[in-house]
Amino acid sequence: MLFEGRQSKFENVVRAFSAELYRYAYWLCRERFLAEDLVQETFTRAWQSWEGLRDDKAVKSWLYTILRNEHARLFEKKRIEIDETQELDEVVDSGSMNAYESFEMRDAIEALPKSYREPLLLQVLGGFNCSEIAGTMNISEGAVMTRLTRARLALRKLTGQATERKEKVR
Amino acid sequence: MARCAKCAALAREVEDFDARIHDAAMVPVPEALADRVLLRHKVREPARFGGFGFGIWALAASLIIAIGVVIHLHRADIGDEERIATSAAVGEGHAAIAAISYVLDHEPQLLKENVSGDPAVMRSALMRLGLKLPAKGTTVRYLGKCPVPSGEGEHLVLQTPFGQVTLILVPEQSLGPRVVVAYRDRTAAVSPLRSGSYIVVADSLRAVKQLEQMLM
């Protein structure tokens, strides 16, 4: 009975969050099969630790944290070091040429450094506030706010440049 | 804000920009993703419940089965090295040949379409055959139906640490004695079980056996 209750709660959680976790995973690894693997692993680990979950309201941020850790664990060796002091101009200049093509916003998000992209996606996809993002990323709330602002500025600049480029071509 | 036209315009512009970010971030999600997560979870879950006493018995039973499987696979390994049949030996209509052809000719399109079948049906088929999906490192990429010589089988495409492997479950139907066939760069093993049969198709005999080991 207890197992069934736990099981059905778990099923509801999988149905409620698998899509948004997939999208988050996709933006972390940018490979769709890998993103699905990450989601599968996240729920496997979540089930293994299900009994330790005290607060039902925390389940969403808990899943995001598991997924984030799982991604870091799998890609630790491949991970590109993030320069926390990177300036906005460097971000924009380092963007790929794809950022100026048709799917400009998607490419622009992709061109953002991970340190900017991650809090932005946690906010946009997960609907988390600054304090929750700070908890998930293990950084200060102030740093989250700065990164969110910089991410949006970078996106404006990147998408603006794409438009300018298109107009020049015409 | 409402009184100042410039402020209102700015607020609208900020909202529009955020909506664009949101739309761009909403990449398409593969169909039946939640079903696949639950399928993998449920198939292996029954073994988890029960108390401590049950756990001990389950562990003991698992050990006995594992030893049996190792001995069986060891024997099969020695035998299969000599018994990999060709299409000419088993005939074009054999289940192994049909399975390899289906995998090579239809599976890429099925994966591309990303439409999956009912996980409950698949789960029931696995349970009826006494098989379990690997608990770790394996993802169900596709589940659906596929033709087999005796009718219809349950078709699973699994992404495993040793590559993509196809598993076709044929409950309640016999496909004859165990046969391993090499055809069109693929290897297929057709194996009878007490309550039906299964077919595994992979790019090597090693991968076929690795999956079989995980299923038992």
# chains A, B, ... in the order shown; residues from 1 in each chain; ligands from 1
call {"tool": "select_by_dssp", "arguments": {"residues": "stretch 84-173 of chain B", "states": "helix (DSSP H, G or I)", "output": "ChimeraX atom specification"}}
result
/B:87-90,95-105,107-113,119-129
call {"tool": "write_last_selection", "arguments": {"atoms": "N, CA, C and O atoms", "output": "compact mmCIF listing (two decimals), in the first residue's frame"}}
result
# COMPACT_ATOMS: atom_id res chain seq x y z
N SER B 87 22.33 -16.94 -43.64
CA SER B 87 20.95 -16.89 -44.11
C SER B 87 20.63 -18.12 -44.96
O SER B 87 19.50 -18.63 -44.94
N ALA B 88 21.64 -18.60 -45.68
CA ALA B 88 21.41 -19.77 -46.54
C ALA B 88 21.07 -21.00 -45.68
O ALA B 88 20.23 -21.82 -46.06
N ALA B 89 21.73 -21.09 -44.51
CA ALA B 89 21.52 -22.25 -43.66
C ALA B 89 20.13 -22.27 -43.02
O ALA B 89 19.51 -23.32 -42.89
N VAL B 90 19.67 -21.07 -42.60
CA VAL B 90 18.36 -21.06 -41.90
C VAL B 90 17.18 -20.77 -42.84
O VAL B 90 16.04 -21.04 -42.50
N ALA B 95 12.94 -16.31 -38.60
CA ALA B 95 12.65 -15.15 -37.75
C ALA B 95 13.87 -14.24 -37.57
O ALA B 95 13.73 -13.00 -37.52
N ALA B 96 15.07 -14.81 -37.48
CA ALA B 96 16.28 -14.02 -37.29
C ALA B 96 16.55 -13.13 -38.51
O ALA B 96 16.91 -11.96 -38.39
N ILE B 97 16.37 -13.70 -39.68
CA ILE B 97 16.60 -12.95 -40.93
C ILE B 97 15.55 -11.85 -41.07
O ILE B 97 15.86 -10.70 -41.41
N ALA B 98 14.30 -12.22 -40.76
CA ALA B 98 13.21 -11.23 -40.84
C ALA B 98 13.48 -10.08 -39.86
O ALA B 98 13.27 -8.91 -40.19
N ALA B 99 13.97 -10.43 -38.68
CA ALA B 99 14.23 -9.40 -37.66
C ALA B 99 15.35 -8.46 -38.11
O ALA B 99 15.24 -7.24 -38.00
N ILE B 100 16.43 -9.02 -38.64
CA ILE B 100 17.55 -8.18 -39.10
C ILE B 100 17.08 -7.27 -40.23
O ILE B 100 17.37 -6.07 -40.25
N SER B 101 16.30 -7.82 -41.16
CA SER B 101 15.81 -7.01 -42.28
C SER B 101 14.93 -5.88 -41.76
O SER B 101 15.03 -4.73 -42.22
N TYR B 102 14.09 -6.20 -40.80
CA TYR B 102 13.20 -5.17 -40.25
C TYR B 102 14.00 -4.06 -39.57
O TYR B 102 13.73 -2.87 -39.75
N VAL B 103 15.01 -4.48 -38.82
CA VAL B 103 15.86 -3.51 -38.10
C VAL B 103 16.56 -2.58 -39.10
O VAL B 103 16.56 -1.36 -38.94
N LEU B 104 17.13 -3.18 -40.14
CA LEU B 104 17.89 -2.36 -41.10
C LEU B 104 17.00 -1.53 -42.02
O LEU B 104 17.34 -0.41 -42.36
N ASP B 105 15.86 -2.07 -42.38
CA ASP B 105 15.03 -1.40 -43.38
C ASP B 105 13.98 -0.46 -42.78
O ASP B 105 13.57 0.49 -43.44
N GLU B 107 13.70 0.32 -39.00
CA GLU B 107 13.97 0.95 -37.70
C GLU B 107 14.43 2.42 -37.78
O GLU B 107 13.95 3.25 -37.01
N PRO B 108 15.33 2.75 -38.72
CA PRO B 108 15.77 4.15 -38.78
C PRO B 108 14.59 5.12 -38.94
O PRO B 108 14.54 6.17 -38.30
N GLN B 109 13.63 4.73 -39.76
CA GLN B 109 12.46 5.59 -39.98
C GLN B 109 11.61 5.67 -38.71
O GLN B 109 11.13 6.74 -38.33
N LEU B 110 11.46 4.53 -38.03
CA LEU B 110 10.65 4.51 -36.79
C LEU B 110 11.28 5.42 -35.74
O LEU B 110 10.59 6.15 -35.03
N LEU B 111 12.62 5.38 -35.66
CA LEU B 111 13.31 6.23 -34.68
C LEU B 111 13.16 7.70 -35.04
O LEU B 111 13.02 8.55 -34.17
N LYS B 112 13.17 7.96 -36.34
CA LYS B 112 13.05 9.33 -36.82
C LYS B 112 11.66 9.89 -36.51
O LYS B 112 11.51 11.03 -36.10
N GLU B 113 10.65 9.04 -36.69
CA GLU B 113 9.28 9.48 -36.44
C GLU B 113 9.01 9.70 -34.96
O GLU B 113 8.13 10.46 -34.57
N PRO B 119 3.61 1.48 -23.29
CA PRO B 119 4.57 0.85 -22.38
C PRO B 119 3.95 -0.26 -21.53
O PRO B 119 4.63 -1.18 -21.13
N ALA B 120 2.63 -0.16 -21.28
CA ALA B 120 1.98 -1.18 -20.46
C ALA B 120 2.01 -2.53 -21.18
O ALA B 120 2.24 -3.58 -20.56
N VAL B 121 1.80 -2.50 -22.49
CA VAL B 121 1.82 -3.74 -23.29
C VAL B 121 3.22 -4.35 -23.24
O VAL B 121 3.41 -5.55 -23.06
N MET B 122 4.21 -3.46 -23.40
CA MET B 122 5.60 -3.91 -23.40
C MET B 122 5.97 -4.50 -22.04
O MET B 122 6.62 -5.54 -21.95
N ARG B 123 5.53 -3.83 -21.01
CA ARG B 123 5.84 -4.27 -19.65
C ARG B 123 5.25 -5.67 -19.40
O ARG B 123 5.91 -6.54 -18.87
N SER B 124 4.02 -5.80 -19.86
CA SER B 124 3.35 -7.08 -19.65
C SER B 124 4.07 -8.18 -20.43
O SER B 124 4.26 -9.30 -19.94
N ALA B 125 4.52 -7.87 -21.66
CA ALA B 125 5.24 -8.86 -22.48
C ALA B 125 6.53 -9.28 -21.79
O ALA B 125 6.87 -10.46 -21.72
N LEU B 126 7.25 -8.30 -21.25
CA LEU B 126 8.52 -8.60 -20.57
C LEU B 126 8.26 -9.50 -19.35
O LEU B 126 8.99 -10.46 -19.10
N MET B 127 7.22 -9.17 -18.63
CA MET B 127 6.92 -9.95 -17.42
C MET B 127 6.48 -11.36 -17.76
O MET B 127 6.86 -12.31 -17.10
N ARG B 128 5.66 -11.48 -18.83
CA ARG B 128 5.20 -12.81 -19.23
C ARG B 128 6.38 -13.69 -19.63
O ARG B 128 6.38 -14.90 -19.43
N LEU B 129 7.39 -13.07 -20.21
CA LEU B 129 8.56 -13.84 -20.63
C LEU B 129 9.59 -14.00 -19.51
O LEU B 129 10.59 -14.68 -19.68
call {"tool": "residues_around", "arguments": {"residues": "A:Arg147", "least_positions_apart": "3", "cutoff": "8 Å", "atoms": "only C-alpha atoms", "output": "ChimeraX atom specification"}}
result
/A:115-116,119-120,143-144,150-151
call {"tool": "closest_atom_pairs", "arguments": {"of": "chain B", "to": "chain A", "cutoff": "7 Å", "atoms": "only C-alpha atoms", "output": "Markdown table"}}
result
| residue | atom | partner | partner_atom | distance |
| --- | --- | --- | --- | --- |
| B:Ile21 | CA | A:Met105 | CA | 6.7 |
| B:His22 | CA | A:Val124 | CA | 5.9 |
| B:Ala24 | CA | A:Arg106 | CA | 5.0 |
| B:Ala25 | CA | A:Arg106 | CA | 6.8 |
| B:Met26 | CA | A:Arg23 | CA | 6.6 |
| B:Val27 | CA | A:Arg23 | CA | 6.1 |
| B:Val29 | CA | A:Ala19 | CA | 6.0 |
| B:Ala34 | CA | A:Arg15 | CA | 5.5 |
| B:Val37 | CA | A:Gln40 | CA | 5.7 |
| B:Leu38 | CA | A:Glu11 | CA | 6.9 |
| B:Thr139 | CA | A:Asp37 | CA | 6.4 |
call {"tool": "closest_residue", "arguments": {"among": "B:Val190, B:Ala11, B:Asp18, B:Glu172", "to": "A:Thr149", "atoms": "only C-alpha atoms"}}
result
B:Asp18
call {"tool": "closest_residue", "arguments": {"among": "B:Ala5, B:Val200, B:Ala182, B:Pro149", "to": "B:Thr166", "atoms": "only C-alpha atoms"}}
result
B:Val200
call {"tool": "atom_distance", "arguments": {"atom1": "atom CA of B:Ala85", "atom2": "atom CA of B:Tyr183"}}
result
8.8 Å
call {"tool": "closest_residue", "arguments": {"among": "A:Ala111, A:Glu31, A:Leu74, A:Leu53", "to": "B:Gly137", "atoms": "only C-alpha atoms"}}
result
A:Leu74
